[in-house]
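A short worksheet on the structure shown next.
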Amino acid sequence: MSRLLMCPPDHFGIEYEINPWMRVSNQSNEERARTQWKTLTQVLENEVGAKLEFMEPIPGLPDLVFTANAGVIHEGKAVPSQFRHPERQGEERHFIDWFTKKGYEVINLYPEINFEGAGDLLGFPDFWIGGYRQRSDIRAYAQLSEIFQKEIMPVELVDQRFYHLDTCFCPLIGGELLYFPPAFDSYAQTVLASRIEQDKRFAVPSQEGERFACNAVCIDRHVVLPTGCPETMAWLHKHGYTTHPVELDEFLKAGGSAKCLTLALD
Amino acid sequence: MIVQTVTIQGHIIDSLILAKVLDAIVMLGGTFTLSEVKVGTQREDTSHATILIEAPTMELLQEILKTILPHGAVVETEEDCTVEPAPADGILPEDFYATSHLSTQIRWQGNWIEVPQPEMDLAIILKTSPLSAQMVPMGSVKKGDLVVTGRKGVRVFPLERPKERDVFGFMEAQVSSERPHHHIIADVAKRMKAIQQQRKDGKGSGKVLFAGGPAIIHAGGREALAWIIEAGYIHVLFCGNALAAHDMEASLYGTSLGYNLGIGRSVPHGHEHHLRTINRVRALGSIQQAIESGLIKEGIMAACIRQGVQMVLAGTIRDDGPLPDVITDSIKAQKAMRAAIPGVELALLVASTLHAVATGNLLPASSPTVCVDINPAVPTKLSDRGSFQAVGLVMDSSSFLWELARELGWEG
């Protein structure tokens, strides 16, 4: 059973602007956010069969809800994030505390390196992809591949709206990929095209890319994704996936959606 | 040119990150040398590259660095080299830096200084006014000379592949009697013609160096070599007493070590011929005199004198005579050979273990070199002694010279 870490949106809100989606003037609705988050947990638990674990929300850390950025976990090792923006650096110790409490072996990257966890590092079984340039430093991946003994291909993210890899890239269980090509530089597009066969790659249309269609959670043959992505859903159905659209607009105001709200623990 | 070393590590090959960095350097107007690339052997292994960036100005270098650092390139921290005064004449400090024959620079007070005329197995001394560096043999160091020690602040540039797509471009030491020779000889001839043409056109002053042993005369390569020299293709000759002695013996007596070169067998008292030759040349005072007086009319020495070829004859312990031109002090001979090296753009080392290895040790790695010997141990030895750029050709020296001369236009 897949286990995911989540954090209730008790203190969620738009308190600063560190990506083009965030506007302090475009405040999230507390009630709607709570409902949307709750729906997501229900879909994950009841429809997808995930086991959820929860962190305690902390006042003053509105983005703690985006647990994908806690760090990255693999085979009992946890490498915590080292955020680029000071606004999120306060989250680091809470994530480290949680990893420690749960018995993970916590391994820190060199202190001068920025790395934003599973938001920027996603994998297929035989290789991982690491996004860099917006939030994480490319040098994180040389160290991470030594820690995890994995091939990690760094790809450059070139669109500020898609500041984390998980906003424009979603590997699926069957080796397929949902991605939004304009978010990557031409070298990265070439690499992805050479690594993943054409009929296994779905380039999401702009409108759905901007709805964060790629910020989806894939567990077995289930894909939980934001609403408003019909073409992506049709492609997924054709490839044998069951889709679970969830309204997550309140979180899109902060530049996040389904995937950002979860961290895979296995 | 401003030079900066950067390193980059990670899964940089398949991810095209290295390609992107190199593209960026070139697109911004710099050039690069990949001085080291270690590719991971397993998929999960990371790779590592050291890139030497050259830019025409400091501003451009900064621009390049600004562009490539976000892609993982790390500027290598640079330190000045360390120096220690030589404790006595001919004695180097304990931890002296031993040179290679690759292009070398040392860093002093933040500036990289080119060390001219690279040669293996020497020391580097730093001169502070004016600021310069020099490679010197152990025996030539003077007490108090500032000798570079340790490895800090010294950088060695890997050999660039020549632009020409010929045998030297591949830099494989082909040491085998079972490989075709013709294309190698054709490439050597092409280089010799090109060097001669550049000299004729006043576009270059490159030299072809020939180092050879007496087997050339014994085996019948004399005529071909004399033609090659006469035609102006050789500019420096390194040999010992024997090559010169037997060449002039052939001119005077038609023999080489007593064997008649025409009929191919020994002649009565033939073994004395080279001694009588040496004696007559000694009486005249020099090889030049022997040629100019008309005693020696043809052959390799005559061709060298007529063409103004720079000759260095280095003696060995079992020389007869020796001829008056032979330098019997081996350190002096080494110095004379060293002085003739600058400008050598092609070196032919033919049928002499001693002179091939000695010359190989003096040549910079950037000099295309061919070592021809019927004994495969000779080119192997040369390459084992560090002259990895040398192309080995296992064949009889006479056959080599005949074929080379014909490639160059000889109709003999």
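Ligands are numbered from 1 in the order shown, chains are lettered A, B, ... in the order of the structure tokens, and residues start at 1 in each chain.
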Residue contacts of B:Ala86 (7 Å, only C-alpha atoms) excluding same-chain residues fewer than 2 positions away, as a ChimeraX atom specification: /B:84,88,91-93,142-147
Leaving out B:Ala351 and any residue of its chain fewer than 5 positions from it, which residues lie within 8 Å of it when counting only C-alpha atoms, given as an MDAnalysis selection string? chainID B and resid 212:216 356 372:374 397
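With only C-alpha atoms as the atoms that count, the minimum distance from chain B to the choices A:Pro154, A:Gly76, A:Pro57, A:Pro226 is reached by A:Pro154.
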What are the closest atom pairs, with distances in Å to one decimal, for each residue of chain A lying within 8 Å of chain B, using only C-alpha atoms, rows by chain and rising residue number, as a Markdown table?
| residue | atom | partner | partner_atom | distance |
| --- | --- | --- | --- | --- |
| A:Arg133 | CA | B:Pro70 | CA | 6.6 |
| A:Asp137 | CA | B:Pro70 | CA | 7.2 |
| A:Ile138 | CA | B:Gly72 | CA | 5.5 |
| A:Arg139 | CA | B:Gly72 | CA | 5.5 |
| A:Tyr141 | CA | B:Gly10 | CA | 6.7 |
| A:Ala142 | CA | B:Gly10 | CA | 4.2 |
| A:Gln143 | CA | B:Gly10 | CA | 7.9 |
| A:Ser145 | CA | B:Glu44 | CA | 6.8 |
| A:Glu146 | CA | B:Asp45 | CA | 7.6 |
| A:Gln149 | CA | B:Glu44 | CA | 5.5 |
| A:Lys150 | CA | B:Glu44 | CA | 4.6 |
| A:Glu151 | CA | B:Glu44 | CA | 4.2 |
| A:Ile152 | CA | B:His11 | CA | 6.2 |
| A:Met153 | CA | B:Ser15 | CA | 5.2 |
| A:Pro154 | CA | B:Ser15 | CA | 6.3 |
| A:Val155 | CA | B:Ser15 | CA | 7.2 |
| A:Tyr187 | CA | B:Leu16 | CA | 6.3 |
| A:Ala188 | CA | B:Ser15 | CA | 7.1 |
| A:Val191 | CA | B:Ser15 | CA | 6.0 |
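What separates atom CA of B:Ala186 from atom CA of B:Glu407 is a distance of 6.4 Å.
Residues of stretch 120-196 of chain A that DSSP, applied to the backbone, places in strand (DSSP E): Leu121, Leu122, Gly123, Trp128, Ile129, Gly130, Gly131, Tyr132, Ile152, Met153, Pro154, Val155, Glu156, Phe169, Cys170, Pro171, Leu177, Leu178 and Tyr179 of chain A.
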Same residues, N, CA and C atoms, saved as a PDB file, in the first residue's frame:
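Full text of again.pdb as output:
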ATOM      1  N   LEU A 121      12.393  16.279  -7.822  1.00  0.00           N
ATOM      2  CA  LEU A 121      13.043  15.003  -8.129  1.00  0.00           C
ATOM      3  C   LEU A 121      11.979  13.914  -8.236  1.00  0.00           C
ATOM      4  N   LEU A 122      11.798  13.427  -9.445  1.00  0.00           N
ATOM      5  CA  LEU A 122      10.766  12.421  -9.693  1.00  0.00           C
ATOM      6  C   LEU A 122      11.378  11.284 -10.471  1.00  0.00           C
ATOM      7  N   GLY A 123      10.793  10.108 -10.318  1.00  0.00           N
ATOM      8  CA  GLY A 123      11.498   8.999 -10.937  1.00  0.00           C
ATOM      9  C   GLY A 123      10.666   7.979 -11.651  1.00  0.00           C
ATOM     10  N   TRP A 128      15.955   8.560 -12.548  1.00  0.00           N
ATOM     11  CA  TRP A 128      15.215   9.677 -11.988  1.00  0.00           C
ATOM     12  C   TRP A 128      15.527  10.931 -12.794  1.00  0.00           C
ATOM     13  N   ILE A 129      14.614  11.893 -12.670  1.00  0.00           N
ATOM     14  CA  ILE A 129      14.798  13.168 -13.356  1.00  0.00           C
ATOM     15  C   ILE A 129      14.802  14.264 -12.289  1.00  0.00           C
ATOM     16  N   GLY A 130      15.764  15.176 -12.390  1.00  0.00           N
ATOM     17  CA  GLY A 130      15.855  16.262 -11.421  1.00  0.00           C
ATOM     18  C   GLY A 130      15.726  17.611 -12.120  1.00  0.00           C
ATOM     19  N   GLY A 131      14.759  18.417 -11.683  1.00  0.00           N
ATOM     20  CA  GLY A 131      14.600  19.748 -12.278  1.00  0.00           C
ATOM     21  C   GLY A 131      15.553  20.732 -11.612  1.00  0.00           C
ATOM     22  N   TYR A 132      16.144  21.625 -12.388  1.00  0.00           N
ATOM     23  CA  TYR A 132      17.032  22.623 -11.785  1.00  0.00           C
ATOM     24  C   TYR A 132      16.862  23.970 -12.457  1.00  0.00           C
ATOM     25  N   ILE A 152      20.477  10.042 -12.092  1.00  0.00           N
ATOM     26  CA  ILE A 152      19.579  11.205 -12.032  1.00  0.00           C
ATOM     27  C   ILE A 152      19.940  12.143 -13.182  1.00  0.00           C
ATOM     28  N   MET A 153      18.985  12.330 -14.083  1.00  0.00           N
ATOM     29  CA  MET A 153      19.229  13.209 -15.221  1.00  0.00           C
ATOM     30  C   MET A 153      18.723  14.599 -14.887  1.00  0.00           C
ATOM     31  N   PRO A 154      19.622  15.582 -14.798  1.00  0.00           N
ATOM     32  CA  PRO A 154      19.136  16.933 -14.526  1.00  0.00           C
ATOM     33  C   PRO A 154      18.484  17.529 -15.780  1.00  0.00           C
ATOM     34  N   VAL A 155      17.362  18.192 -15.600  1.00  0.00           N
ATOM     35  CA  VAL A 155      16.710  18.885 -16.723  1.00  0.00           C
ATOM     36  C   VAL A 155      16.468  20.339 -16.306  1.00  0.00           C
ATOM     37  N   GLU A 156      16.698  21.239 -17.255  1.00  0.00           N
ATOM     38  CA  GLU A 156      16.576  22.665 -16.916  1.00  0.00           C
ATOM     39  C   GLU A 156      15.133  23.132 -17.102  1.00  0.00           C
ATOM     40  N   PHE A 169       5.711  17.778 -14.980  1.00  0.00           N
ATOM     41  CA  PHE A 169       6.273  16.468 -15.283  1.00  0.00           C
ATOM     42  C   PHE A 169       5.670  15.452 -14.322  1.00  0.00           C
ATOM     43  N   CYS A 170       5.044  14.410 -14.871  1.00  0.00           N
ATOM     44  CA  CYS A 170       4.447  13.394 -14.001  1.00  0.00           C
ATOM     45  C   CYS A 170       4.691  12.000 -14.560  1.00  0.00           C
ATOM     46  N   PRO A 171       5.654  11.264 -13.987  1.00  0.00           N
ATOM     47  CA  PRO A 171       5.883   9.895 -14.454  1.00  0.00           C
ATOM     48  C   PRO A 171       4.774   8.978 -13.934  1.00  0.00           C
ATOM     49  N   LEU A 177       4.531   9.073 -19.435  1.00  0.00           N
ATOM     50  CA  LEU A 177       4.864  10.389 -18.879  1.00  0.00           C
ATOM     51  C   LEU A 177       3.841  11.422 -19.325  1.00  0.00           C
ATOM     52  N   LEU A 178       3.372  12.202 -18.359  1.00  0.00           N
ATOM     53  CA  LEU A 178       2.618  13.417 -18.688  1.00  0.00           C
ATOM     54  C   LEU A 178       3.608  14.559 -18.515  1.00  0.00           C
ATOM     55  N   TYR A 179       3.713  15.435 -19.491  1.00  0.00           N
ATOM     56  CA  TYR A 179       4.617  16.576 -19.292  1.00  0.00           C
ATOM     57  C   TYR A 179       4.192  17.753 -20.142  1.00  0.00           C
TER      58      TYR A 179
END
Close residues, A:Cys214 itself excluded, 12 Å, only C-alpha atoms, min 6 positions apart in chain, as a ChimeraX atom specification: /A:119,122,162,164-172,177-181,183,202-208,223-227,229,232-233,236,256-260
Between atom CA of A:Ile58 and atom CA of A:Thr39, what is the distance, to one decimal in Å? 21.3 Å
